[in-house]
Amino acid sequence: MAKARTETVLMSEMAWPEFGQKMKANPVLFVPCGAMEQHGPHLPLSVDAMLPTDIAREVAEEVGGIVGPTLTMGYRSYTKSGGGPHFPGTINLDGATVVSIVRDVVRELVRHGARKLCFIVGHYENQWFVSEGIDQAMREVGDQGVRIMRLEYWDFCTPETLAKVFPDGFPGVALEHAAVMETSLMLHYHPEMVRIDKIPDNPGAEFPPYDMYPAHAHWVPSSGALVSAKGATREKGVLMAQQYRRDIAAAVRKEFGGGKGKAKASGKGR
């Protein structure tokens with residue numbers, strides 16, 4: 001017997017009548033913004049798209065929202081925050097391309113009735129280009145009652161949580177590329193995609209206070225991880241994921257209103 005289809009918060013899994021009906025309630029529509037970028041020898045190239053999608057799904061369940069299409073490629077990887085362009089599989093978009101994609105996605109979602117949007121950024125270098133795309137779209141659709149929130153999920157990690165995740169001290173978001181935070185979250189959401197035996201334990205990269213063009217490959221540890229990921233655990237991933245779900249949902253309710261959602265998305269890591 002075929003398994004019954006479960007209710008979903010993912011737009012990509014909805015048929016058009018279902019999506020159209022749900023939009024009548026004026027839900028918050030989440031747009032995860034990621035990239036295709038190397039994440040060491042132990043994590044898949046799509047980490048920056050997968051994690052904001054997972055977090056968006058959980059927050060959408062909390063607030064009765066919908067998760068729109070994930071932007072799976074993003075602005076270029078920089079040496080001091082993503083390892084740079086030297087690793088196979090990293091796909092770099094120009095800033096203007098990212099801006100145009102975000103602007104067009106906003107316009108299209110507004111055309112389908114969205115008035116409350118939340119962009120969740122999962123790729124460090126995307127931040128200002130996503131903001132510019134939103135700004136440009138708002139020049140065209142802002143008079144239709146559209147409101148847009150943009151956030152980077154890691155900014156919701158409190159000092160108390162960071163102290164538990166990094167008992168020896170937090171190296172900073174930029175250096176944490178492919179390290180403890182992302183590896184721990186992947187161990188929580190997608191443990192089958194983490195190559196445990198390949199988790200790197202290299203010393204933290206030491207960068208000069210300037211950039212070079214072309215970028216110097218030798219600045220980056222050969223693993224692609226900018227600092228050791230050996231401290232990663234599923235338990236740390238659960239701790240961060242629970243906080244993101246709770247605190248991002250609280251921020252969304254504060255800005256857009258709305259109560260607790262009841263939809264339970266199908267997916268991994270539950």
# chains A, B, ... in the order shown; residues from 1 in each chain; ligands from 1
$ residues_around --residues "A:Met14" --least-positions-apart "6" --cutoff "12 Å" --atoms "only C-alpha atoms" --output "PyMOL selection string"
chain A and resi 5-8+20-23+66-69+265
$ select_by_dssp --residues "stretch 26-160 of chain A" --states "strand (DSSP E)" --output "number ranges by chain"
A: 28-33, 66-67, 116-121, 147-152
$ closest_residue --among "A:Val31, A:Ala215, A:Ile55, A:Val130" --to "A:Thr70" --atoms "only C-alpha atoms"
A:Val31
$ closest_residue --among "A:Glu160, A:Asp104, A:Glu13, A:Asp54" --to "A:Ala241" --atoms "only C-alpha atoms"
A:Asp54
$ closest_atom_pairs --of "stretch 207-258 of chain A" --to "stretch 74-93 of chain A" --cutoff "12 Å" --atoms "only C-alpha atoms" --output "Markdown table"
| residue | atom | partner | partner_atom | distance |
| --- | --- | --- | --- | --- |
| A:Phe207 | CA | A:Lys80 | CA | 6.9 |
| A:Pro208 | CA | A:Lys80 | CA | 9.3 |
| A:Pro209 | CA | A:Lys80 | CA | 10.0 |
| A:Tyr210 | CA | A:Lys80 | CA | 9.7 |
| A:Asp211 | CA | A:Thr79 | CA | 8.3 |
| A:Met212 | CA | A:Thr79 | CA | 9.2 |
| A:Tyr213 | CA | A:Thr79 | CA | 10.3 |
| A:Pro214 | CA | A:Pro85 | CA | 9.7 |
| A:Ala215 | CA | A:Thr79 | CA | 6.7 |
| A:His216 | CA | A:Thr79 | CA | 7.7 |
| A:Ala217 | CA | A:His86 | CA | 6.5 |
| A:His218 | CA | A:Thr79 | CA | 9.8 |
| A:Trp219 | CA | A:Thr79 | CA | 7.6 |
| A:Val220 | CA | A:Gly83 | CA | 5.9 |
| A:Pro221 | CA | A:Gly83 | CA | 8.2 |
| A:Ser222 | CA | A:Gly83 | CA | 9.4 |
| A:Ser223 | CA | A:Gly83 | CA | 9.4 |
| A:Gly224 | CA | A:Gly83 | CA | 5.8 |
| A:Ala225 | CA | A:Gly83 | CA | 7.4 |
| A:Leu226 | CA | A:Gly83 | CA | 7.2 |
| A:Val227 | CA | A:Ser81 | CA | 10.8 |
$ closest_residue --among "A:Arg115, A:Lys198, A:Lys254, A:Arg150" --to "A:Phe129" --atoms "only C-alpha atoms"
A:Arg150
$ closest_residue --among "A:Ile248, A:Ala229, A:Ala178, A:Leu187" --to "A:Asp201" --atoms "only C-alpha atoms"
A:Ala229
$ closest_residue --among "A:Lys236, A:Lys116, A:Arg246, A:His123" --to "A:Met50" --atoms "only C-alpha atoms"
A:His123
$ closest_residue --among "A:Ile120, A:Asp155, A:Ser100, A:Leu45" --to "A:Asp135" --atoms "only C-alpha atoms"
A:Ser100
$ select_by_dssp --residues "stretch 19-258 of chain A" --states "helix (DSSP H, G or I)" --output "ChimeraX atom specification"
/A:19-23,47-63,79-82,95-111,124-144,153-156,159-165,180-189,191-193,196-198,217-219,234-256
